[in-house]
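Engineer: Quick one, start10.txt (compact mmCIF, C-alpha atoms and all ligand atoms):
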```txt
# COMPACT_ATOMS: atom_id res chain seq x y z
CA MET H 1 117.74 4.68 65.55
CA SER H 2 114.98 6.29 67.56
CA ALA H 3 115.36 6.90 71.28
CA PRO H 4 114.42 6.04 73.90
CA ARG H 5 114.39 2.34 73.11
CA LEU H 6 114.72 -1.02 74.79
CA GLU H 7 117.22 -3.29 73.09
CA ILE H 8 116.46 -6.95 73.66
CA ASN H 9 119.15 -9.45 72.73
CA LEU H 10 117.41 -12.68 71.74
CA ASP H 11 120.61 -14.77 71.82
CA LYS H 12 121.25 -13.80 75.43
CA LEU H 13 117.59 -14.35 76.31
CA GLN H 14 117.68 -17.84 74.79
CA HIS H 15 120.93 -18.64 76.57
CA ASN H 16 119.34 -17.71 79.91
CA ALA H 17 116.21 -19.75 79.25
CA ARG H 18 118.14 -22.76 77.95
CA THR H 19 120.54 -22.70 80.91
CA LEU H 20 117.73 -22.60 83.47
CA ILE H 21 115.79 -25.37 81.71
CA LYS H 22 118.92 -27.53 81.65
CA ARG H 23 119.65 -26.95 85.35
CA LEU H 24 116.08 -27.64 86.45
CA ALA H 25 115.43 -30.73 84.28
CA PRO H 26 117.50 -33.12 86.45
CA ARG H 27 115.48 -31.88 89.42
CA GLY H 28 112.27 -32.95 87.68
CA ILE H 29 111.13 -29.36 87.21
CA SER H 30 109.79 -27.91 83.95
CA VAL H 31 109.79 -24.22 83.08
CA THR H 32 106.78 -22.09 82.22
CA ALA H 33 108.15 -18.85 80.80
CA VAL H 34 106.31 -15.79 82.07
CA THR H 35 105.63 -13.26 79.32
CA LYS H 36 104.01 -10.38 81.23
CA ALA H 37 107.13 -8.21 81.55
CA PHE H 38 107.32 -7.94 77.76
CA LEU H 39 103.56 -7.84 77.19
CA GLY H 40 103.60 -11.13 75.31
CA ALA H 41 105.65 -9.74 72.40
CA PRO H 42 105.43 -12.59 69.86
CA GLU H 43 109.06 -12.55 68.69
CA ILE H 44 110.26 -12.86 72.30
CA ALA H 45 107.74 -15.61 73.06
CA LEU H 46 108.93 -17.51 69.98
CA ALA H 47 112.57 -17.17 71.05
CA LEU H 48 111.68 -18.70 74.42
CA LEU H 49 109.96 -21.62 72.72
CA ARG H 50 113.03 -22.17 70.55
CA ALA H 51 115.08 -22.26 73.75
CA GLY H 52 113.00 -25.23 74.91
CA VAL H 53 110.29 -23.68 77.04
CA ARG H 54 107.15 -25.83 76.85
CA SER H 55 104.47 -23.49 78.07
CA LEU H 56 103.88 -19.78 78.52
CA GLY H 57 102.22 -17.95 81.37
CA ASP H 58 100.89 -14.41 81.61
CA SER H 59 98.86 -12.53 84.18
CA ARG H 60 96.92 -10.48 81.60
CA ILE H 61 94.42 -12.02 79.20
CA GLU H 62 95.20 -9.25 76.68
CA ASN H 63 98.77 -10.53 76.32
CA ILE H 64 97.59 -14.12 75.89
CA GLU H 65 95.08 -13.00 73.25
CA MET H 66 97.83 -11.18 71.41
CA MET H 67 100.10 -14.22 71.40
CA ARG H 68 97.19 -16.36 70.17
CA ARG H 69 96.48 -13.92 67.34
CA ALA H 70 100.16 -14.12 66.41
CA GLY H 71 99.83 -17.91 66.24
CA ILE H 72 102.32 -18.71 69.03
CA PRO H 73 102.22 -22.52 69.24
CA ALA H 74 102.25 -23.13 73.00
CA ALA H 75 100.01 -24.02 75.89
CA MET H 76 99.06 -20.81 77.67
CA THR H 77 98.22 -20.28 81.31
CA LEU H 78 96.63 -17.22 82.87
CA ILE H 79 98.68 -16.96 86.07
CA ARG H 80 96.43 -14.43 87.84
CA THR H 81 93.00 -15.49 89.01
CA PRO H 82 90.53 -14.45 86.28
CA MET H 83 88.17 -11.50 86.66
CA LEU H 84 84.54 -12.57 86.63
CA SER H 85 84.03 -10.04 83.85
CA GLN H 86 86.57 -11.86 81.66
CA VAL H 87 85.68 -15.55 82.04
CA ASP H 88 84.57 -15.93 78.40
CA ARG H 89 87.85 -14.49 77.12
CA VAL H 90 89.83 -16.66 79.52
CA VAL H 91 88.11 -19.86 78.40
CA ALA H 92 88.45 -18.88 74.74
CA HIS H 93 92.18 -18.11 74.79
CA ALA H 94 93.89 -19.66 77.82
CA ASP H 95 94.21 -23.45 78.19
CA VAL H 96 94.66 -23.18 81.95
CA SER H 97 94.14 -20.55 84.64
CA PHE H 98 95.34 -20.19 88.22
CA ASN H 99 92.42 -19.86 90.61
CA SER H 100 91.64 -19.21 94.24
CA GLU H 101 87.90 -18.44 94.23
CA LEU H 102 85.21 -21.09 93.73
CA GLU H 103 82.83 -18.46 92.39
CA VAL H 104 85.25 -17.71 89.55
CA ILE H 105 85.80 -21.40 88.76
CA SER H 106 82.07 -21.93 88.65
CA GLN H 107 81.69 -19.06 86.15
CA LEU H 108 84.60 -20.50 84.14
CA SER H 109 82.64 -23.76 84.06
CA VAL H 110 79.57 -21.99 82.67
CA ALA H 111 81.70 -20.19 80.08
CA ALA H 112 83.48 -23.42 79.13
CA GLN H 113 80.16 -25.20 78.60
CA ARG H 114 79.00 -22.32 76.38
CA ALA H 115 82.22 -22.51 74.38
CA LYS H 116 82.18 -26.33 74.34
CA ARG H 117 85.70 -26.40 75.74
CA ILE H 118 87.45 -27.98 78.70
CA HIS H 119 89.29 -25.46 80.87
CA GLY H 120 92.20 -26.51 83.07
CA VAL H 121 92.47 -25.16 86.62
CA VAL H 122 95.44 -24.92 88.95
CA LEU H 123 94.35 -24.14 92.51
CA MET H 124 96.62 -21.64 94.20
CA VAL H 125 97.45 -22.18 97.87
CA GLU H 126 98.41 -19.51 100.40
CA LEU H 127 101.66 -20.55 102.07
CA GLY H 128 102.72 -17.42 103.91
CA ASP H 129 103.37 -14.57 101.47
CA LEU H 130 99.75 -13.36 101.78
CA ARG H 131 99.00 -12.71 98.16
CA GLU H 132 96.63 -15.04 96.26
CA GLY H 133 95.69 -18.49 97.41
CA ILE H 134 93.27 -20.75 99.24
CA MET H 135 94.12 -21.36 102.89
CA PRO H 136 95.69 -24.85 103.13
CA GLY H 137 92.94 -26.12 105.43
CA GLU H 138 90.30 -25.28 102.83
CA LEU H 139 92.04 -26.76 99.80
CA GLU H 140 90.44 -30.20 99.93
CA GLN H 141 86.94 -28.84 100.32
CA THR H 142 87.43 -26.40 97.43
CA ALA H 143 88.81 -29.18 95.21
CA ARG H 144 85.86 -31.42 96.10
CA LYS H 145 83.37 -28.74 95.06
CA MET H 146 85.16 -27.89 91.83
CA LEU H 147 85.44 -31.53 90.79
CA ARG H 148 81.66 -31.49 90.38
CA LEU H 149 81.75 -28.63 87.89
CA PRO H 150 81.31 -29.59 84.23
CA ASN H 151 83.99 -28.73 81.62
CA ILE H 152 86.55 -27.93 84.31
CA GLN H 153 89.59 -30.11 84.86
CA LEU H 154 91.70 -29.98 88.02
CA LEU H 155 95.26 -30.05 86.66
CA GLY H 156 97.19 -29.23 89.77
CA ILE H 157 98.04 -26.90 92.59
CA GLY H 158 100.55 -24.13 93.03
CA THR H 159 101.76 -21.34 95.21
CA ASN H 160 103.39 -17.96 94.87
CA LEU H 161 105.90 -16.64 97.40
CA ALA H 162 108.22 -13.64 97.72
CA CYS H 163 106.28 -11.20 95.51
CA ARG H 164 104.23 -9.46 98.17
CA SER H 165 105.93 -9.99 101.51
CA GLY H 166 109.31 -11.39 100.45
CA VAL H 167 108.69 -14.80 102.05
CA SER H 168 111.51 -17.07 100.82
CA PRO H 169 110.72 -20.43 99.24
CA ASP H 170 112.40 -23.09 101.39
CA SER H 171 112.17 -26.78 102.25
CA HIS H 172 109.48 -26.04 104.79
CA ASN H 173 106.92 -24.30 102.56
CA MET H 174 107.80 -26.40 99.50
CA ASN H 175 107.38 -29.67 101.44
CA GLU H 176 104.03 -28.33 102.59
CA LEU H 177 102.94 -27.79 98.98
CA SER H 178 104.20 -31.21 97.97
CA ALA H 179 102.37 -32.88 100.85
CA LEU H 180 99.13 -31.06 99.94
CA ALA H 181 99.43 -32.43 96.39
CA ASP H 182 100.01 -35.96 97.69
CA SER H 183 97.06 -35.66 100.00
CA LEU H 184 94.70 -34.48 97.21
CA ASP H 185 95.84 -37.40 95.06
CA ALA H 186 95.18 -39.84 97.88
CA THR H 187 91.75 -38.36 98.64
CA PHE H 188 90.46 -38.11 95.08
CA GLY H 189 92.44 -40.86 93.34
CA THR H 190 93.99 -38.33 90.99
CA ARG H 191 97.58 -37.76 89.91
CA LEU H 192 97.93 -33.99 89.74
CA SER H 193 99.98 -33.24 86.64
CA ILE H 194 101.11 -29.74 87.67
CA VAL H 195 102.56 -28.82 91.05
CA THR H 196 104.00 -25.40 90.44
CA GLY H 197 106.20 -24.18 93.26
CA GLY H 198 106.64 -20.54 92.36
CA ASN H 199 108.56 -17.92 90.42
CA SER H 200 112.19 -16.88 89.94
CA ALA H 201 112.53 -16.52 93.72
CA ASN H 202 112.26 -20.35 93.94
CA LEU H 203 115.45 -21.01 91.97
CA GLN H 204 117.75 -21.02 94.98
CA TRP H 205 115.62 -23.64 96.67
CA ALA H 206 115.09 -25.64 93.45
CA LEU H 207 118.82 -25.83 92.69
CA SER H 208 119.95 -26.31 96.28
CA GLY H 209 119.73 -30.11 96.18
CA ALA H 210 116.72 -30.11 98.51
CA ASP H 211 114.14 -32.84 97.87
CA THR H 212 111.70 -31.42 95.28
CA GLY H 213 109.02 -33.98 96.17
CA HIS H 214 105.93 -33.63 94.01
CA ILE H 215 106.91 -30.17 92.73
CA ASN H 216 107.47 -30.31 88.98
CA ASN H 217 107.16 -26.77 87.60
CA LEU H 218 108.36 -23.19 88.10
CA ARG H 219 107.16 -20.05 86.38
CA LEU H 220 110.11 -17.90 85.41
CA GLY H 221 110.15 -14.31 84.22
CA GLU H 222 112.77 -12.14 85.89
CA ALA H 223 115.48 -14.83 86.01
CA ILE H 224 115.28 -15.34 82.24
CA LEU H 225 115.00 -11.65 81.34
CA LEU H 226 117.44 -10.12 83.81
CA GLY H 227 119.60 -13.10 84.82
CA CYS H 228 118.98 -12.13 88.39
CA ASP H 229 117.69 -13.81 91.55
CA PRO H 230 114.84 -11.71 92.97
CA LEU H 231 115.38 -12.69 96.62
CA HIS H 232 118.68 -10.84 96.91
CA ARG H 233 118.87 -9.28 93.43
CA GLN H 234 122.14 -11.11 92.79
CA PRO H 235 123.24 -12.18 89.30
CA ILE H 236 122.68 -15.89 88.69
CA ASP H 237 125.90 -17.71 87.87
CA GLY H 238 126.28 -18.32 84.13
CA LEU H 239 123.39 -16.09 83.01
CA HIS H 240 123.50 -12.80 81.10
CA THR H 241 122.41 -9.77 83.11
CA ASP H 242 122.52 -7.42 80.11
CA THR H 243 119.93 -9.13 77.92
CA ILE H 244 117.80 -5.99 77.97
CA GLU H 245 119.17 -2.44 77.92
CA LEU H 246 117.50 0.94 77.84
CA VAL H 247 118.99 3.53 75.50
CA ALA H 248 118.20 7.22 76.08
CA GLU H 249 119.36 10.40 74.37
CA VAL H 250 121.02 13.49 75.85
CA ILE H 251 119.01 16.67 75.23
CA GLU H 252 121.02 19.06 77.42
CA ALA H 253 124.59 19.01 78.75
CA LYS H 254 125.86 21.96 80.79
CA GLU H 255 127.99 22.84 83.74
CA LYS H 256 125.56 23.68 86.53
CA PRO H 257 125.71 24.23 90.28
CA THR H 258 125.11 21.12 92.37
CA GLN H 259 122.89 23.12 94.77
CA PRO H 260 119.43 24.40 93.82
CA ARG H 261 118.89 28.16 94.25
CA GLY H 262 115.81 29.61 96.02
CA GLU H 263 113.54 28.41 98.79
CA LEU H 264 112.97 24.63 98.70
CA ALA H 265 109.57 22.88 98.88
CA GLN H 266 108.43 19.56 97.37
CA ASN H 267 109.20 18.64 93.77
CA ALA H 268 106.64 17.20 91.31
CA PHE H 269 106.81 13.77 92.98
CA GLY H 270 106.68 14.89 96.60
CA GLU H 271 110.39 14.38 97.18
CA LYS H 272 112.72 16.88 98.81
CA SER H 273 116.00 17.73 97.15
CA GLN H 274 118.96 15.81 98.58
CA HIS H 275 121.78 17.85 100.03
CA ARG H 276 124.80 17.52 97.78
CA ARG H 277 128.39 18.74 97.81
CA GLU H 278 129.07 22.40 96.93
CA GLY H 279 130.35 23.53 93.59
CA ASN H 280 129.57 22.74 89.98
CA CYS H 281 129.10 19.54 88.01
CA LEU H 282 128.65 18.55 84.40
CA GLN H 283 124.94 17.94 84.40
CA ALA H 284 123.21 16.20 81.51
CA ILE H 285 119.53 15.64 80.83
CA LEU H 286 118.22 12.55 79.06
CA ALA H 287 114.85 12.52 77.34
CA ILE H 288 113.21 9.90 79.54
CA GLY H 289 111.40 10.19 82.86
CA GLN H 290 108.97 8.90 85.45
CA GLN H 291 106.32 8.46 82.78
CA ASP H 292 108.55 5.94 80.99
CA THR H 293 110.36 3.96 83.66
CA ASP H 294 111.41 3.75 87.30
CA PRO H 295 114.39 6.12 87.17
CA TYR H 296 115.83 4.71 90.40
CA GLY H 297 115.74 1.19 88.95
CA LEU H 298 118.16 2.13 86.16
CA GLN H 299 121.80 1.11 86.35
CA PRO H 300 123.83 3.88 84.73
CA PRO H 301 127.08 3.21 82.88
CA HIS H 302 130.40 3.63 84.69
CA GLY H 303 131.19 7.24 85.63
CA VAL H 304 127.57 8.40 85.53
CA ASN H 305 125.32 9.10 88.54
CA ILE H 306 121.57 9.54 88.47
CA LEU H 307 120.68 12.77 90.33
CA GLY H 308 116.94 12.87 89.86
CA ALA H 309 114.02 12.58 87.52
CA SER H 310 110.80 14.35 86.68
CA SER H 311 108.02 13.19 84.36
CA ASP H 312 110.07 13.54 81.18
CA HIS H 313 113.63 14.36 82.27
CA LEU H 314 116.34 12.19 83.76
CA ILE H 315 119.09 14.30 85.30
CA ILE H 316 122.56 12.83 85.63
CA ASP H 317 125.97 13.92 86.87
CA ALA H 318 128.33 13.26 83.98
CA SER H 319 131.36 15.02 85.48
CA ASP H 320 133.47 11.88 84.98
CA ARG H 321 132.15 11.20 81.52
CA PRO H 322 131.43 14.40 79.59
CA LEU H 323 128.46 14.03 77.25
CA THR H 324 127.27 16.01 74.26
CA VAL H 325 123.74 16.72 73.08
CA GLY H 326 122.47 13.93 70.84
CA GLU H 327 124.69 11.30 72.42
CA GLU H 328 123.09 8.06 73.57
CA LEU H 329 123.56 6.39 76.93
CA ARG H 330 122.81 2.74 77.83
CA PHE H 331 121.31 1.64 81.12
CA GLY H 332 120.71 -1.70 82.76
CA LEU H 333 117.28 -2.17 84.34
CA ASN H 334 115.85 -3.78 87.42
CA TYR H 335 112.44 -5.45 87.32
CA SER H 336 110.54 -2.32 88.24
CA ALA H 337 112.29 -0.19 85.61
CA LEU H 338 111.77 -2.93 83.02
CA LEU H 339 108.02 -3.29 83.70
CA ARG H 340 107.45 0.43 83.32
CA ALA H 341 109.70 0.83 80.28
CA MET H 342 107.94 -2.02 78.49
CA THR H 343 104.56 -0.38 79.02
CA SER H 344 105.57 3.14 77.99
CA PRO H 345 104.17 4.02 74.57
CA PHE H 346 107.14 6.36 74.15
CA ILE H 347 109.79 3.63 74.27
CA SER H 348 110.31 1.47 71.23
CA ARG H 349 111.49 -2.14 71.40
CA VAL H 350 114.33 -3.26 69.21
CA ILE H 351 115.30 -6.92 68.88
CA THR H 352 119.03 -7.56 68.59
CA THR H 353 121.27 -10.63 68.36
CA ASN H 354 124.93 -11.19 69.24
CA LYS H 355 125.75 -10.68 65.56
CA SER H 356 123.97 -7.34 65.26
CA GLU H 357 125.66 -6.15 68.50
CA GLN H 358 129.12 -6.97 67.14
CA LYS H 359 128.47 -4.76 64.12
CA LYS H 360 127.90 -1.70 66.31
C1 LIG C 401 104.81 -12.61 87.66
C2 LIG C 401 104.56 -13.98 88.15
C3 LIG C 401 105.52 -14.98 88.01
C4 LIG C 401 106.91 -14.70 87.46
O1 LIG C 401 107.67 -14.05 88.41
P1 LIG C 401 109.24 -13.74 88.19
O2 LIG C 401 109.71 -13.27 89.50
O3 LIG C 401 109.32 -12.72 87.12
O4 LIG C 401 109.86 -15.03 87.79
C5 LIG C 401 105.21 -16.26 88.43
N1 LIG C 401 103.99 -16.54 88.96
C6 LIG C 401 103.03 -15.62 89.11
C7 LIG C 401 101.72 -16.02 89.71
C8 LIG C 401 103.28 -14.30 88.72
O5 LIG C 401 102.31 -13.38 88.87
```
As structure tokens - that is how I would like this structure written.
Ligand SMILES: *Cc1c(COP(=O)(O)O)cnc(C)c1O
Structural biologist:
Amino acid sequence: MSAPRLEINLDKLQHNARTLIKRLAPRGISVTAVTKAFLGAPEIALALLRAGVRSLGDSRIENIEMMRRAGIPAAMTLIRTPMLSQVDRVVAHADVSFNSELEVISQLSVAAQRAKRIHGVVLMVELGDLREGIMPGELEQTARKMLRLPNIQLLGIGTNLACRSGVSPDSHNMNELSALADSLDATFGTRLSIVTGGNSANLQWALSGADTGHINNLRLGEAILLGCDPLHRQPIDGLHTDTIELVAEVIEAKEKPTQPRGELAQNAFGEKSQHRREGNCLQAILAIGQQDTDPYGLQPPHGVNILGASSDHLIIDASDRPLTVGEELRFGLNYSALLRAMTSPFISRVITTNKSEQKK
């Protein structure tokens, strides 16, 4: 098989999705699976739907368009506020978009009238993490203005925490979101159908037994793909953390000194060489680098240490696990390594199942 490649085990992925859906259902919370980390790959999206996910969300319209072309039968939400330059594409391909700017919603309205479609809007609220969102005090006024816009339907409100500043979802900010939803309903006589509390970082709160109030949806990417809680990067009980692995190939394996020789300045990425113990080590080079992934977000197999990386070379200390040229090595990935690996044109994606893994 060609290397480097990402191996994606669909059975493990489905187990993760199914488990999270089952745990959240009694809390009155549905799951929107977030497809951006795998660029909307149709076979992965289909596996998530088979696991019981009802709707899909992506931050890039290109990924949503691709899933539409592939005939993925699901409601699709653009979870980043649309660019003004893309409103026609958004209305044509996404059923719903997350929004925080009235100007954008008004252009979506114009585009929706042109396309003779109704476009659903979820208003995003800023609750402390300082990424997207309307300030809470301005939510009602924004909703009032958008309710006058033709071909636009206010479906709900939402928030996003943890991604920019690491603000943890808790009873305080979630109760605030819930109360804002109740207050909009009371003011406008609506019943907001979506109150989406956040991303994988919300799981701890959602499963803690705290009152979920009006909150009825989470958007999950990392927790399904990596089985990991993004607040503390801990494995989530009962989920697979090896659903996706990166396989790279050894192109050089030699005994080399641990210390560089010559006068030291910056390397290609502005880093200075770390001081290491004296002597020699069994150094191996894998044909993968900064252009393909986040080398420091890779989890090497037992007995292997990552020493450094340049654009196309990953250098490891394999003293405890001698390697030969042509051998393959498997790595776990964190979110950053996964995002970059998925977008590298040099890394292929291979779908596996538990059955195909047993055969190896
Ligand atoms: C990426 C993203 C998500 C999913 O985040 P995970 O941490 O991968 O679960 C949810 N909501 C929004 C708005 C996002 O941009």
Engineer: By how many Å are atom CA of H:Met342 and atom CA of H:Gln290 apart?
Structural biologist: 13.0 Å
Engineer: Could you produce a table of the residues of chain H lying within 10 Å of ligand LIG 401 (chain C), with the nearest pair of atoms per residue and their separation in Å rounded to one decimal, using all atoms listed in the file, ordered by chain and increasing residue number, as a Markdown table?
Structural biologist:
```
| residue | atom | partner | partner_atom | distance |
| --- | --- | --- | --- | --- |
| H:Thr32 | CA | C:LIG401 | C5 | 8.7 |
| H:Ala33 | CA | C:LIG401 | C4 | 7.9 |
| H:Val34 | CA | C:LIG401 | C4 | 5.5 |
| H:Thr35 | CA | C:LIG401 | C4 | 8.4 |
| H:Lys36 | CA | C:LIG401 | C1 | 6.9 |
| H:Ala37 | CA | C:LIG401 | O3 | 7.5 |
| H:Gly57 | CA | C:LIG401 | C5 | 7.9 |
| H:Asp58 | CA | C:LIG401 | C1 | 7.4 |
| H:Ser59 | CA | C:LIG401 | O5 | 5.9 |
| H:Arg60 | CA | C:LIG401 | O5 | 9.5 |
| H:Leu78 | CA | C:LIG401 | C7 | 8.6 |
| H:Ile79 | CA | C:LIG401 | C7 | 4.8 |
| H:Arg80 | CA | C:LIG401 | C7 | 5.8 |
| H:Thr81 | CA | C:LIG401 | C7 | 8.8 |
| H:Phe98 | CA | C:LIG401 | C7 | 7.8 |
| H:Met124 | CA | C:LIG401 | C7 | 8.8 |
| H:Arg131 | CA | C:LIG401 | C7 | 9.5 |
| H:Glu132 | CA | C:LIG401 | C7 | 8.4 |
| H:Gly158 | CA | C:LIG401 | C7 | 8.8 |
| H:Thr159 | CA | C:LIG401 | C7 | 7.7 |
| H:Asn160 | CA | C:LIG401 | C7 | 5.8 |
| H:Leu161 | CA | C:LIG401 | N1 | 8.7 |
| H:Ala162 | CA | C:LIG401 | O2 | 8.4 |
| H:Cys163 | CA | C:LIG401 | O2 | 7.2 |
| H:Thr196 | CA | C:LIG401 | N1 | 9.0 |
| H:Gly197 | CA | C:LIG401 | N1 | 9.0 |
| H:Gly198 | CA | C:LIG401 | N1 | 5.9 |
| H:Asn199 | CA | C:LIG401 | O4 | 4.1 |
| H:Ser200 | CA | C:LIG401 | O4 | 3.7 |
| H:Ala201 | CA | C:LIG401 | O2 | 6.0 |
| H:Asn202 | CA | C:LIG401 | O4 | 8.5 |
| H:Leu203 | CA | C:LIG401 | O4 | 9.2 |
| H:Leu218 | CA | C:LIG401 | C5 | 7.6 |
| H:Arg219 | CA | C:LIG401 | C5 | 4.7 |
| H:Leu220 | CA | C:LIG401 | O4 | 3.7 |
| H:Gly221 | CA | C:LIG401 | O3 | 3.4 |
| H:Glu222 | CA | C:LIG401 | O3 | 3.7 |
| H:Ala223 | CA | C:LIG401 | O4 | 5.9 |
| H:Ile224 | CA | C:LIG401 | O4 | 7.8 |
| H:Leu225 | CA | C:LIG401 | O3 | 8.2 |
| H:Leu226 | CA | C:LIG401 | O3 | 9.1 |
| H:Cys228 | CA | C:LIG401 | O2 | 9.4 |
| H:Asp229 | CA | C:LIG401 | O2 | 8.3 |
| H:Pro230 | CA | C:LIG401 | O2 | 6.4 |
| H:Leu231 | CA | C:LIG401 | O2 | 9.1 |
| H:Tyr335 | CA | C:LIG401 | O3 | 7.9 |
```
Engineer: Would you export the selected residues with C-alpha atoms as a compact mmCIF listing (two decimals), keeping the file's coordinate frame, please?
Structural biologist:
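New file out01.txt:
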```txt
# COMPACT_ATOMS: atom_id res chain seq x y z
CA THR H 32 106.78 -22.09 82.22
CA ALA H 33 108.15 -18.85 80.80
CA VAL H 34 106.31 -15.79 82.07
CA THR H 35 105.63 -13.26 79.32
CA LYS H 36 104.01 -10.38 81.23
CA ALA H 37 107.13 -8.21 81.55
CA GLY H 57 102.22 -17.95 81.37
CA ASP H 58 100.89 -14.41 81.61
CA SER H 59 98.86 -12.53 84.18
CA ARG H 60 96.92 -10.48 81.60
CA LEU H 78 96.63 -17.22 82.87
CA ILE H 79 98.68 -16.96 86.07
CA ARG H 80 96.43 -14.43 87.84
CA THR H 81 93.00 -15.49 89.01
CA PHE H 98 95.34 -20.19 88.22
CA MET H 124 96.62 -21.64 94.20
CA ARG H 131 99.00 -12.71 98.16
CA GLU H 132 96.63 -15.04 96.26
CA GLY H 158 100.55 -24.13 93.03
CA THR H 159 101.76 -21.34 95.21
CA ASN H 160 103.39 -17.96 94.87
CA LEU H 161 105.90 -16.64 97.40
CA ALA H 162 108.22 -13.64 97.72
CA CYS H 163 106.28 -11.20 95.51
CA THR H 196 104.00 -25.40 90.44
CA GLY H 197 106.20 -24.18 93.26
CA GLY H 198 106.64 -20.54 92.36
CA ASN H 199 108.56 -17.92 90.42
CA SER H 200 112.19 -16.88 89.94
CA ALA H 201 112.53 -16.52 93.72
CA ASN H 202 112.26 -20.35 93.94
CA LEU H 203 115.45 -21.01 91.97
CA LEU H 218 108.36 -23.19 88.10
CA ARG H 219 107.16 -20.05 86.38
CA LEU H 220 110.11 -17.90 85.41
CA GLY H 221 110.15 -14.31 84.22
CA GLU H 222 112.77 -12.14 85.89
CA ALA H 223 115.48 -14.83 86.01
CA ILE H 224 115.28 -15.34 82.24
CA LEU H 225 115.00 -11.65 81.34
CA LEU H 226 117.44 -10.12 83.81
CA CYS H 228 118.98 -12.13 88.39
CA ASP H 229 117.69 -13.81 91.55
CA PRO H 230 114.84 -11.71 92.97
CA LEU H 231 115.38 -12.69 96.62
CA TYR H 335 112.44 -5.45 87.32
```
Engineer: Can you work out which one of H:Gly137, H:Gly52, H:Gly270, H:Gly120 has the shortest atom-to-atom distance to H:Leu149, counting all atoms listed in the file?
Structural biologist: H:Gly120
Engineer: What is the atom CA of H:Met1 to atom CA of H:Glu62 distance in Å?
Structural biologist: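 Those two atoms sit 28.7 Å apart.
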Engineer: Please provide as a list in words all residues within 8 Å of stretch 27-29 of chain H, with the sequence filter that same-chain residues fewer than 6 positions apart are discarded (counting all atoms listed in the file).
Structural biologist: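 The filter keeps Ala206, Leu207, Thr212, Ile215, Asn216, Asn217 and Leu218 of chain H.
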Engineer: Calculate how many Å separate atom CA of H:Pro257 from atom CA of H:Ser319, rounding to one decimal.
Structural biologist: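 So the two atoms, atom CA of H:Pro257 and atom CA of H:Ser319, lie 11.8 Å apart.
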Engineer: Using only C-alpha atoms, find the one residue out of H:His232, H:Lys145, H:Arg89, H:His240 that sits nearest to H:Ser106.
Structural biologist: H:Lys145
Engineer: Quick one: of H:Asn151, H:Gln204, H:Gln259, H:Ser30, who's nearest to H:Pro235, counting all atoms listed in the file?
Structural biologist: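 The closest residue to H:Pro235 is H:Gln204.
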Engineer: Check the smallest atom-to-atom distance from each of H:Ala75, H:Met174, H:Ala115, H:Leu108 to H:Ile152 using all atoms listed in the file, then report the winner.
Structural biologist: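 Smallest separation from H:Ile152 among the options: H:Leu108.
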Engineer: Select, from H:Thr324, H:Ser168, H:Asn99, H:Ser356, the residue with the minimum atom-to-atom distance to H:Thr142, counting all atoms listed in the file.
Structural biologist: H:Asn99
